[in-house]
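Structure file upload-v5.pdb with PDB, C-alpha atoms, pLDDT in the B column:
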```pdb
ATOM      1  CA  MET A   1     -95.656  92.706   4.810  1.00 97.00           C
ATOM      2  CA  ARG A   2     -94.008  94.701   2.047  1.00 98.00           C
ATOM      3  CA  VAL A   3     -91.962  97.884   2.377  1.00 98.00           C
ATOM      4  CA  THR A   4     -91.464 100.198  -0.620  1.00 98.00           C
ATOM      5  CA  VAL A   5     -88.659 102.743  -0.395  1.00 98.00           C
ATOM      6  CA  LEU A   6     -90.061 105.915  -1.927  1.00 98.00           C
ATOM      7  CA  GLY A   7     -86.840 107.836  -1.342  1.00 98.00           C
ATOM      8  CA  SER A   8     -83.456 107.138   0.239  1.00 98.00           C
ATOM      9  CA  GLY A   9     -81.767 110.538   0.102  1.00 98.00           C
ATOM     10  CA  THR A  10     -81.001 113.317   2.533  1.00 98.00           C
ATOM     11  CA  SER A  11     -82.635 116.766   2.644  1.00 98.00           C
ATOM     12  CA  THR A  12     -80.912 118.055  -0.519  1.00 97.00           C
ATOM     13  CA  GLY A  13     -81.512 114.883  -2.511  1.00 98.00           C
ATOM     14  CA  VAL A  14     -78.947 113.290  -4.806  1.00 98.00           C
ATOM     15  CA  PRO A  15     -77.778 114.693  -7.165  1.00 98.00           C
ATOM     16  CA  GLU A  16     -77.371 117.970  -5.324  1.00 98.00           C
ATOM     17  CA  ILE A  17     -78.016 121.103  -7.345  1.00 98.00           C
ATOM     18  CA  GLY A  18     -74.778 122.307  -8.899  1.00 98.00           C
ATOM     19  CA  CYS A  19     -72.619 119.409  -7.706  1.00 98.00           C
ATOM     20  CA  THR A  20     -70.374 117.580 -10.182  1.00 98.00           C
ATOM     21  CA  CYS A  21     -68.987 114.855  -7.860  1.00 98.00           C
ATOM     22  CA  GLU A  22     -68.890 111.248  -9.075  1.00 98.00           C
ATOM     23  CA  VAL A  23     -72.092 110.382  -7.211  1.00 98.00           C
ATOM     24  CA  CYS A  24     -74.092 113.361  -8.457  1.00 98.00           C
ATOM     25  CA  THR A  25     -72.997 112.689 -12.041  1.00 98.00           C
ATOM     26  CA  SER A  26     -73.358 108.894 -11.824  1.00 98.00           C
ATOM     27  CA  LYS A  27     -75.355 107.125 -14.553  1.00 98.00           C
ATOM     28  CA  ASP A  28     -76.459 104.454 -12.058  1.00 98.00           C
ATOM     29  CA  LYS A  29     -80.117 105.111 -11.173  1.00 97.00           C
ATOM     30  CA  LYS A  30     -79.438 103.796  -7.678  1.00 98.00           C
ATOM     31  CA  ASP A  31     -77.290 106.891  -7.090  1.00 98.00           C
ATOM     32  CA  ASN A  32     -80.348 109.133  -7.646  1.00 98.00           C
ATOM     33  CA  ARG A  33     -81.916 109.583  -4.220  1.00 98.00           C
ATOM     34  CA  LEU A  34     -85.145 111.471  -3.581  1.00 98.00           C
ATOM     35  CA  ARG A  35     -86.021 112.564  -0.059  1.00 98.00           C
ATOM     36  CA  ALA A  36     -86.436 109.738   2.463  1.00 98.00           C
ATOM     37  CA  SER A  37     -89.819 108.041   2.852  1.00 98.00           C
ATOM     38  CA  VAL A  38     -91.387 104.569   2.786  1.00 98.00           C
ATOM     39  CA  VAL A  39     -94.771 102.896   2.380  1.00 98.00           C
ATOM     40  CA  VAL A  40     -95.428  99.867   4.608  1.00 98.00           C
ATOM     41  CA  GLN A  41     -98.061  97.544   3.147  1.00 98.00           C
ATOM     42  CA  THR A  42     -99.641  95.068   5.567  1.00 97.00           C
ATOM     43  CA  ASP A  43    -102.677  92.826   5.161  1.00 96.00           C
ATOM     44  CA  ASN A  44    -104.778  95.671   6.580  1.00 94.00           C
ATOM     45  CA  SER A  45    -103.167  98.963   5.584  1.00 97.00           C
ATOM     46  CA  ASN A  46    -100.858 100.976   3.347  1.00 98.00           C
ATOM     47  CA  ILE A  47     -98.996 103.176   5.825  1.00 98.00           C
ATOM     48  CA  LEU A  48     -96.889 106.096   4.604  1.00 98.00           C
ATOM     49  CA  ILE A  49     -93.983 107.205   6.803  1.00 99.00           C
ATOM     50  CA  ASP A  50     -93.099 110.842   6.087  1.00 98.00           C
ATOM     51  CA  CYS A  51     -94.263 112.873   3.117  1.00 98.00           C
ATOM     52  CA  GLY A  52     -91.437 114.934   1.664  1.00 98.00           C
ATOM     53  CA  PRO A  53     -91.378 117.355  -1.268  1.00 98.00           C
ATOM     54  CA  ASP A  54     -90.800 114.515  -3.775  1.00 98.00           C
ATOM     55  CA  PHE A  55     -93.962 112.661  -2.704  1.00 98.00           C
ATOM     56  CA  ARG A  56     -95.959 113.140  -5.909  1.00 98.00           C
ATOM     57  CA  THR A  57     -93.104 111.906  -8.119  1.00 98.00           C
ATOM     58  CA  GLN A  58     -92.438 108.991  -5.788  1.00 98.00           C
ATOM     59  CA  MET A  59     -96.016 107.778  -5.836  1.00 97.00           C
ATOM     60  CA  LEU A  60     -96.199 108.014  -9.615  1.00 97.00           C
ATOM     61  CA  ASN A  61     -92.917 106.103  -9.883  1.00 96.00           C
ATOM     62  CA  THR A  62     -94.040 103.255  -7.630  1.00 96.00           C
ATOM     63  CA  GLY A  63     -97.638 102.970  -8.819  1.00 94.00           C
ATOM     64  CA  ILE A  64     -99.069 102.824  -5.282  1.00 95.00           C
ATOM     65  CA  VAL A  65    -102.581 104.253  -5.491  1.00 95.00           C
ATOM     66  CA  SER A  66    -104.029 103.848  -1.989  1.00 96.00           C
ATOM     67  CA  LEU A  67    -102.873 104.979   1.447  1.00 98.00           C
ATOM     68  CA  THR A  68    -104.426 104.418   4.859  1.00 97.00           C
ATOM     69  CA  GLY A  69    -102.572 107.079   6.818  1.00 98.00           C
ATOM     70  CA  LEU A  70     -99.339 108.994   7.359  1.00 98.00           C
ATOM     71  CA  LEU A  71     -96.900 108.606  10.254  1.00 98.00           C
ATOM     72  CA  VAL A  72     -94.738 111.714  10.714  1.00 98.00           C
ATOM     73  CA  THR A  73     -91.286 111.309  12.269  1.00 98.00           C
ATOM     74  CA  HIS A  74     -90.645 115.064  12.642  1.00 98.00           C
ATOM     75  CA  THR A  75     -91.416 118.323  10.860  1.00 98.00           C
ATOM     76  CA  HIS A  76     -88.244 119.165   8.965  1.00 98.00           C
ATOM     77  CA  TYR A  77     -89.253 120.194   5.443  1.00 98.00           C
ATOM     78  CA  ASP A  78     -87.785 117.140   3.721  1.00 98.00           C
ATOM     79  CA  HIS A  79     -90.227 114.999   5.740  1.00 98.00           C
ATOM     80  CA  ILE A  80     -93.448 117.039   5.446  1.00 98.00           C
ATOM     81  CA  GLY A  81     -93.008 119.205   2.335  1.00 98.00           C
ATOM     82  CA  GLY A  82     -95.272 117.065   0.146  1.00 98.00           C
ATOM     83  CA  MET A  83     -98.399 117.050   2.258  1.00 98.00           C
ATOM     84  CA  ASP A  84    -100.381 119.191  -0.166  1.00 97.00           C
ATOM     85  CA  ASP A  85    -100.077 116.299  -2.636  1.00 98.00           C
ATOM     86  CA  LEU A  86    -102.165 114.119  -0.314  1.00 97.00           C
ATOM     87  CA  ARG A  87    -105.223 115.623  -2.059  1.00 96.00           C
ATOM     88  CA  PRO A  88    -106.062 112.492  -4.106  1.00 95.00           C
ATOM     89  CA  PHE A  89    -106.247 110.467  -0.883  1.00 96.00           C
ATOM     90  CA  CYS A  90    -108.802 112.847   0.669  1.00 93.00           C
ATOM     91  CA  ARG A  91    -111.537 112.501  -1.938  1.00 88.00           C
ATOM     92  CA  HIS A  92    -113.593 110.018   0.058  1.00 86.00           C
ATOM     93  CA  GLY A  93    -113.084 111.489   3.523  1.00 92.00           C
ATOM     94  CA  ALA A  94    -110.463 112.857   5.862  1.00 96.00           C
ATOM     95  CA  PHE A  95    -106.956 111.433   5.589  1.00 97.00           C
ATOM     96  CA  SER A  96    -105.377 110.449   8.915  1.00 98.00           C
ATOM     97  CA  VAL A  97    -102.016 111.980   9.839  1.00 98.00           C
ATOM     98  CA  TYR A  98    -100.354 110.802  13.048  1.00 98.00           C
ATOM     99  CA  GLY A  99     -97.764 112.765  14.999  1.00 98.00           C
ATOM    100  CA  GLU A 100     -96.744 113.965  18.419  1.00 98.00           C
ATOM    101  CA  ARG A 101     -98.445 117.056  19.843  1.00 98.00           C
ATOM    102  CA  ARG A 102     -95.725 119.489  18.750  1.00 97.00           C
ATOM    103  CA  VAL A 103     -95.702 117.844  15.296  1.00 98.00           C
ATOM    104  CA  CYS A 104     -99.450 118.395  14.935  1.00 98.00           C
ATOM    105  CA  GLU A 105     -99.115 121.990  16.127  1.00 98.00           C
ATOM    106  CA  THR A 106     -96.354 122.664  13.587  1.00 98.00           C
ATOM    107  CA  LEU A 107     -98.372 121.115  10.768  1.00 98.00           C
ATOM    108  CA  MET A 108    -101.360 123.286  11.658  1.00 97.00           C
ATOM    109  CA  ASP A 109     -99.100 126.327  11.481  1.00 97.00           C
ATOM    110  CA  LYS A 110     -97.227 125.443   8.273  1.00 97.00           C
ATOM    111  CA  TYR A 111    -100.361 124.219   6.501  1.00 97.00           C
ATOM    112  CA  SER A 112    -102.875 126.555   8.120  1.00 96.00           C
ATOM    113  CA  TYR A 113    -105.075 126.632   4.995  1.00 96.00           C
ATOM    114  CA  MET A 114    -105.842 122.924   5.490  1.00 96.00           C
ATOM    115  CA  PHE A 115    -107.315 123.528   8.937  1.00 95.00           C
ATOM    116  CA  GLN A 116    -109.456 126.621   8.522  1.00 93.00           C
ATOM    117  CA  ASP A 117    -113.139 126.464   9.369  1.00 89.00           C
ATOM    118  CA  HIS A 118    -113.994 127.484   5.802  1.00 88.00           C
ATOM    119  CA  LYS A 119    -111.511 125.713   3.550  1.00 86.00           C
ATOM    120  CA  TYR A 120    -110.738 126.646  -0.034  1.00 89.00           C
ATOM    121  CA  PRO A 121    -112.308 123.958  -2.284  1.00 87.00           C
ATOM    122  CA  GLY A 122    -109.968 121.084  -3.042  1.00 90.00           C
ATOM    123  CA  VAL A 123    -107.419 121.541  -0.250  1.00 94.00           C
ATOM    124  CA  PRO A 124    -106.431 118.341   1.563  1.00 96.00           C
ATOM    125  CA  ASN A 125    -108.891 117.175   4.186  1.00 96.00           C
ATOM    126  CA  ILE A 126    -106.568 116.145   7.004  1.00 97.00           C
ATOM    127  CA  ASP A 127    -107.489 114.514  10.311  1.00 97.00           C
ATOM    128  CA  LEU A 128    -104.581 115.193  12.688  1.00 98.00           C
ATOM    129  CA  ILE A 129    -104.271 112.483  15.338  1.00 98.00           C
ATOM    130  CA  THR A 130    -102.009 113.164  18.295  1.00 98.00           C
ATOM    131  CA  ILE A 131     -99.933 110.180  19.369  1.00 98.00           C
ATOM    132  CA  HIS A 132     -97.691 109.596  22.358  1.00 95.00           C
ATOM    133  CA  ARG A 133     -94.857 107.192  23.058  1.00 94.00           C
ATOM    134  CA  THR A 134     -97.296 104.351  23.685  1.00 97.00           C
ATOM    135  CA  PRO A 135     -98.391 101.831  21.028  1.00 98.00           C
ATOM    136  CA  PHE A 136    -101.485 102.609  18.968  1.00 98.00           C
ATOM    137  CA  GLU A 137    -103.453 100.916  16.169  1.00 97.00           C
ATOM    138  CA  ILE A 138    -104.125 101.581  12.511  1.00 97.00           C
ATOM    139  CA  ASN A 139    -106.633  99.068  11.127  1.00 96.00           C
ATOM    140  CA  ASN A 140    -105.606  96.503  13.769  1.00 95.00           C
ATOM    141  CA  ASP A 141    -101.891  96.940  13.008  1.00 97.00           C
ATOM    142  CA  ILE A 142     -99.981  97.841  16.170  1.00 98.00           C
ATOM    143  CA  ILE A 143     -97.625 100.815  15.717  1.00 98.00           C
ATOM    144  CA  ILE A 144     -94.858 101.208  18.313  1.00 98.00           C
ATOM    145  CA  PRO A 145     -93.256 104.682  18.441  1.00 98.00           C
ATOM    146  CA  ILE A 146     -89.511 104.740  19.105  1.00 98.00           C
ATOM    147  CA  ARG A 147     -87.988 107.834  20.733  1.00 98.00           C
ATOM    148  CA  LEU A 148     -84.909 109.082  18.897  1.00 98.00           C
ATOM    149  CA  PHE A 149     -82.889 112.283  19.085  1.00 98.00           C
ATOM    150  CA  HIS A 150     -81.947 114.230  15.964  1.00 98.00           C
ATOM    151  CA  TYR A 151     -79.126 116.069  17.753  1.00 97.00           C
ATOM    152  CA  LYS A 152     -81.282 117.708  20.497  1.00 96.00           C
ATOM    153  CA  LEU A 153     -84.595 117.424  18.648  1.00 98.00           C
ATOM    154  CA  PRO A 154     -86.865 114.589  19.872  1.00 98.00           C
ATOM    155  CA  VAL A 155     -88.172 112.654  16.867  1.00 98.00           C
ATOM    156  CA  LEU A 156     -89.914 109.325  16.362  1.00 98.00           C
ATOM    157  CA  GLY A 157     -89.093 106.112  14.599  1.00 98.00           C
ATOM    158  CA  TYR A 158     -91.754 103.437  14.195  1.00 98.00           C
ATOM    159  CA  ARG A 159     -91.970  99.685  14.594  1.00 98.00           C
ATOM    160  CA  ILE A 160     -94.706  97.797  12.733  1.00 98.00           C
ATOM    161  CA  LYS A 161     -94.687  94.063  13.489  1.00 97.00           C
ATOM    162  CA  ASN A 162     -91.150  92.813  12.808  1.00 98.00           C
ATOM    163  CA  PHE A 163     -90.082  95.900  10.836  1.00 98.00           C
ATOM    164  CA  ALA A 164     -88.705  99.217  12.124  1.00 98.00           C
ATOM    165  CA  TYR A 165     -87.949 102.521  10.412  1.00 99.00           C
ATOM    166  CA  LEU A 166     -85.466 104.847  12.140  1.00 98.00           C
ATOM    167  CA  THR A 167     -84.476 107.938  10.213  1.00 98.00           C
ATOM    168  CA  ASP A 168     -82.844 111.274  11.094  1.00 98.00           C
ATOM    169  CA  PHE A 169     -81.222 110.572  14.443  1.00 98.00           C
ATOM    170  CA  SER A 170     -77.904 110.503  16.233  1.00 98.00           C
ATOM    171  CA  PHE A 171     -78.903 108.984  19.598  1.00 98.00           C
ATOM    172  CA  ILE A 172     -81.196 106.292  20.996  1.00 98.00           C
ATOM    173  CA  ASN A 173     -81.267 105.188  24.620  1.00 97.00           C
ATOM    174  CA  ASP A 174     -81.283 101.617  25.937  1.00 96.00           C
ATOM    175  CA  GLU A 175     -84.962 101.699  26.883  1.00 96.00           C
ATOM    176  CA  GLU A 176     -85.918 102.397  23.281  1.00 98.00           C
ATOM    177  CA  LEU A 177     -83.457  99.805  21.997  1.00 98.00           C
ATOM    178  CA  ASP A 178     -85.397  97.202  23.973  1.00 97.00           C
ATOM    179  CA  LYS A 179     -88.390  97.907  21.699  1.00 98.00           C
ATOM    180  CA  LEU A 180     -86.344  96.814  18.682  1.00 98.00           C
ATOM    181  CA  ARG A 181     -85.555  93.241  19.647  1.00 97.00           C
ATOM    182  CA  GLU A 182     -86.163  90.348  17.233  1.00 97.00           C
ATOM    183  CA  LEU A 183     -86.605  92.429  14.103  1.00 98.00           C
ATOM    184  CA  ASP A 184     -86.634  90.770  10.721  1.00 98.00           C
ATOM    185  CA  CYS A 185     -85.950  94.070   8.957  1.00 98.00           C
ATOM    186  CA  LEU A 186     -84.571  97.445  10.013  1.00 98.00           C
ATOM    187  CA  ILE A 187     -84.230 100.594   7.899  1.00 99.00           C
ATOM    188  CA  ILE A 188     -81.844 103.007   9.590  1.00 98.00           C
ATOM    189  CA  ASP A 189     -80.322 106.458   9.089  1.00 98.00           C
ATOM    190  CA  ALA A 190     -76.761 106.596   7.673  1.00 98.00           C
ATOM    191  CA  LEU A 191     -75.951 109.995   6.208  1.00 98.00           C
ATOM    192  CA  ARG A 192     -72.329 109.574   5.120  1.00 98.00           C
ATOM    193  CA  LYS A 193     -69.010 108.038   6.128  1.00 98.00           C
ATOM    194  CA  LYS A 194     -67.819 111.121   8.017  1.00 97.00           C
ATOM    195  CA  GLN A 195     -69.403 111.848  11.408  1.00 97.00           C
ATOM    196  CA  HIS A 196     -72.277 114.324  11.588  1.00 97.00           C
ATOM    197  CA  MET A 197     -73.858 116.244  14.465  1.00 97.00           C
ATOM    198  CA  SER A 198     -77.423 115.031  14.008  1.00 98.00           C
ATOM    199  CA  HIS A 199     -77.230 111.870  11.880  1.00 98.00           C
ATOM    200  CA  LEU A 200     -75.562 108.487  12.194  1.00 98.00           C
ATOM    201  CA  SER A 201     -72.428 108.002  10.127  1.00 98.00           C
ATOM    202  CA  LEU A 202     -71.929 104.735   8.268  1.00 98.00           C
ATOM    203  CA  ASP A 203     -69.737 103.275  11.031  1.00 98.00           C
ATOM    204  CA  GLU A 204     -72.150 104.398  13.747  1.00 98.00           C
ATOM    205  CA  ALA A 205     -75.070 102.850  11.878  1.00 98.00           C
ATOM    206  CA  LEU A 206     -73.196  99.562  11.485  1.00 98.00           C
ATOM    207  CA  GLN A 207     -72.347  99.510  15.198  1.00 98.00           C
ATOM    208  CA  LEU A 208     -75.979 100.103  16.116  1.00 98.00           C
ATOM    209  CA  ILE A 209     -77.146  97.423  13.689  1.00 98.00           C
ATOM    210  CA  LYS A 210     -74.873  94.949  15.502  1.00 98.00           C
ATOM    211  CA  LYS A 211     -76.446  95.982  18.798  1.00 97.00           C
ATOM    212  CA  ILE A 212     -80.035  95.695  17.555  1.00 98.00           C
ATOM    213  CA  ASN A 213     -79.210  92.525  15.607  1.00 98.00           C
ATOM    214  CA  PRO A 214     -81.988  92.431  12.997  1.00 98.00           C
ATOM    215  CA  LYS A 215     -81.953  89.668  10.401  1.00 98.00           C
ATOM    216  CA  ARG A 216     -81.504  92.317   7.691  1.00 98.00           C
ATOM    217  CA  ALA A 217     -80.727  96.026   7.782  1.00 98.00           C
ATOM    218  CA  TYR A 218     -80.994  98.722   5.126  1.00 99.00           C
ATOM    219  CA  LEU A 219     -79.365 102.163   5.163  1.00 98.00           C
ATOM    220  CA  THR A 220     -81.283 105.297   4.170  1.00 98.00           C
ATOM    221  CA  HIS A 221     -81.219 109.122   4.241  1.00 98.00           C
ATOM    222  CA  MET A 222     -77.877 109.064   2.414  1.00 98.00           C
ATOM    223  CA  SER A 223     -76.087 112.095   1.019  1.00 98.00           C
ATOM    224  CA  HIS A 224     -73.767 112.137  -1.983  1.00 98.00           C
ATOM    225  CA  GLN A 225     -70.929 111.955   0.545  1.00 98.00           C
ATOM    226  CA  MET A 226     -71.849 108.331   1.276  1.00 98.00           C
ATOM    227  CA  GLY A 227     -70.330 107.348  -2.070  1.00 98.00           C
ATOM    228  CA  LEU A 228     -71.419 105.331  -5.070  1.00 98.00           C
ATOM    229  CA  HIS A 229     -74.134 102.738  -4.449  1.00 98.00           C
ATOM    230  CA  GLU A 230     -72.218  99.893  -6.078  1.00 98.00           C
ATOM    231  CA  THR A 231     -68.926 100.681  -4.328  1.00 98.00           C
ATOM    232  CA  VAL A 232     -70.375 101.088  -0.840  1.00 98.00           C
ATOM    233  CA  SER A 233     -72.613  98.026  -1.231  1.00 98.00           C
ATOM    234  CA  ASN A 234     -69.513  95.887  -1.697  1.00 98.00           C
ATOM    235  CA  GLU A 235     -68.059  97.206   1.566  1.00 97.00           C
ATOM    236  CA  LEU A 236     -71.012  96.247   3.789  1.00 98.00           C
ATOM    237  CA  PRO A 237     -71.597  93.164   5.966  1.00 97.00           C
ATOM    238  CA  GLU A 238     -73.588  90.425   4.252  1.00 96.00           C
ATOM    239  CA  ASN A 239     -76.864  91.290   6.029  1.00 97.00           C
ATOM    240  CA  VAL A 240     -76.632  95.060   5.478  1.00 98.00           C
ATOM    241  CA  PHE A 241     -77.721  96.795   2.277  1.00 98.00           C
ATOM    242  CA  LEU A 242     -78.113 100.284   0.866  1.00 98.00           C
ATOM    243  CA  CYS A 243     -81.644 101.399   0.145  1.00 98.00           C
ATOM    244  CA  TYR A 244     -82.399 102.767  -3.299  1.00 98.00           C
ATOM    245  CA  ASP A 245     -85.467 104.561  -4.600  1.00 98.00           C
ATOM    246  CA  GLY A 246     -88.213 102.177  -5.665  1.00 98.00           C
ATOM    247  CA  MET A 247     -86.735  99.242  -3.766  1.00 98.00           C
ATOM    248  CA  THR A 248     -89.260  96.746  -2.385  1.00 98.00           C
ATOM    249  CA  ILE A 249     -88.524  94.632   0.673  1.00 98.00           C
ATOM    250  CA  ASN A 250     -90.629  91.633   1.648  1.00 98.00           C
ATOM    251  CA  VAL A 251     -90.670  91.247   5.417  1.00 97.00           C
TER
END
```
When written as structure tokens, how does the structure in this file appear?
Amino acid sequence: MRVTVLGSGTSTGVPEIGCTCEVCTSKDKKDNRLRASVVVQTDNSNILIDCGPDFRTQMLNTGIVSLTGLLVTHTHYDHIGGMDDLRPFCRHGAFSVYGERRVCETLMDKYSYMFQDHKYPGVPNIDLITIHRTPFEINNDIIIPIRLFHYKLPVLGYRIKNFAYLTDFSFINDEELDKLRELDCLIIDALRKKQHMSHLSLDEALQLIKKINPKRAYLTHMSHQMGLHETVSNELPENVFLCYDGMTINV
């Protein structure tokens, strides 16, 4: 299994518009962070997790040309704002998008033109599939939803085989933690060093990584307040790494 990090940044991206801090003005490409998303490539599928407003650029940057379906964690704009750019993946039939009931309802509202009885020619042909907190399959790959809380908003993370992706959250209960045992690879939310209402801070992410105990962990959804990639990387435990855009991880 191979995981490609399409984006590792928070909702504003890095650099932020108008900011002149050392991260936003850094010449290191690893300090440029598009909105958070990954593609998980298994023997059977290419599974996209979240589709933010940078999706088109991300796909062109990585060269990935086929997708099997989209898993949506929640409907904040930085996670669904690129869905119109799914058009190329709808040319040979409906493209499958998986989300909880309220996620599907929100997508139908925000992208109403995709779901009309008489669609404008060329709009994405989307097949919305409602999922629950029970495991389901995509091309024989078992997907395990993980309940997380983004402050008070219920969101989902996903486990696929020995990999899990947990973004945009500040709380997980013990029952859900039990679904994350014996991971080879974990990608987890870590917004910045200072605490935040709805995201894990760096210290909180590191504490949770110790509790989950994956072989390797990678931090994502980082703001410019996290600091420079090179500097922060040197401060992390030996099995913890910062994601960067375009990074590939073999699991």
Next item on the list: Run the PyMOL selection byres ((chain A and resi 13) around 9) on the file and write out the hits as an MDAnalysis selection string.
Entry: chainID A and resid 7:12 14:17 32:36 221:224
Next item on the list: Give me the result of the PyMOL selection byres ((chain A and resi 69) around 9) on this file, residue by residue, as a list in words.
Entry: Ser45, Asn46, Ile47, Leu48, Ile49, Leu67, Thr68, Leu70, Leu71, Phe95, Ser96, Val97, Tyr98 and Ile138 of chain A
Note to self: Evaluate the PyMOL selection byres ((chain A and resi 80-90) around 7) against this structure - the residues, as number ranges by chain, please.
What the structure shows: A: 50-56, 67, 75-79, 91-95, 123-125
Check: Which polymer residues have any atom within 12 Å of an atom of stretch 207-212 of chain A, counting all atoms listed in the file, with same-chain residues fewer than 3 positions away left out, as an NGL selection string?
Finding: :A and (164 or 166 or 169-174 or 176-190 or 200-204 or 215-219 or 236-237 or 239-241)
Got time to write the residues from that selection, C-alpha atoms, as a compact mmCIF listing (two decimals), in the coordinates of the input?
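Heads up, here's the output in again_19.txt:
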```txt
# COMPACT_ATOMS: atom_id res chain seq x y z
CA ALA A 164 -88.70 99.22 12.12
CA LEU A 166 -85.47 104.85 12.14
CA PHE A 169 -81.22 110.57 14.44
CA SER A 170 -77.90 110.50 16.23
CA PHE A 171 -78.90 108.98 19.60
CA ILE A 172 -81.20 106.29 21.00
CA ASN A 173 -81.27 105.19 24.62
CA ASP A 174 -81.28 101.62 25.94
CA GLU A 176 -85.92 102.40 23.28
CA LEU A 177 -83.46 99.80 22.00
CA ASP A 178 -85.40 97.20 23.97
CA LYS A 179 -88.39 97.91 21.70
CA LEU A 180 -86.34 96.81 18.68
CA ARG A 181 -85.56 93.24 19.65
CA GLU A 182 -86.16 90.35 17.23
CA LEU A 183 -86.60 92.43 14.10
CA ASP A 184 -86.63 90.77 10.72
CA CYS A 185 -85.95 94.07 8.96
CA LEU A 186 -84.57 97.44 10.01
CA ILE A 187 -84.23 100.59 7.90
CA ILE A 188 -81.84 103.01 9.59
CA ASP A 189 -80.32 106.46 9.09
CA ALA A 190 -76.76 106.60 7.67
CA LEU A 200 -75.56 108.49 12.19
CA SER A 201 -72.43 108.00 10.13
CA LEU A 202 -71.93 104.74 8.27
CA ASP A 203 -69.74 103.28 11.03
CA GLU A 204 -72.15 104.40 13.75
CA LYS A 215 -81.95 89.67 10.40
CA ARG A 216 -81.50 92.32 7.69
CA ALA A 217 -80.73 96.03 7.78
CA TYR A 218 -80.99 98.72 5.13
CA LEU A 219 -79.36 102.16 5.16
CA LEU A 236 -71.01 96.25 3.79
CA PRO A 237 -71.60 93.16 5.97
CA ASN A 239 -76.86 91.29 6.03
CA VAL A 240 -76.63 95.06 5.48
CA PHE A 241 -77.72 96.80 2.28
```
Notebook entry, point to check: How far is it from atom CA of A:Leu107 to atom CA of A:Lys119, in Å with one decimal?
Noted result: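 One can read the atom CA of A:Leu107 to atom CA of A:Lys119 distance as 15.7 Å.
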Note to self: Which residue is closest to A:Gln58? Choose from A:Cys24, A:Ser37, A:Leu6, A:Arg159 and count only C-alpha atoms.
What the structure shows: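 Checking each of A:Cys24, A:Ser37, A:Leu6, A:Arg159 against A:Gln58, counting only C-alpha atoms, the winner is A:Leu6.
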Next item on the list: Tell me, in Å to one decimal, how far atom CA of A:Thr248 is from atom CA of A:Asp43.
Entry: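 Atom CA of A:Asp43 lies at a distance of 15.9 Å from atom CA of A:Thr248.
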Could you make a table, as a tab-separated table, of the residues of stretch 142-162 of chain A that have an atom within 7 Å of an atom of stretch 130-137 of chain A, each with its nearest atom pair and distance in Å to one decimal, counting only C-alpha atoms, in chain and number order?
```
residue	atom	partner	partner_atom	distance
A:Ile142	CA	A:Glu137	CA	4.6
A:Ile143	CA	A:Phe136	CA	5.4
A:Ile144	CA	A:Pro135	CA	4.5
A:Pro145	CA	A:Arg133	CA	5.5
```
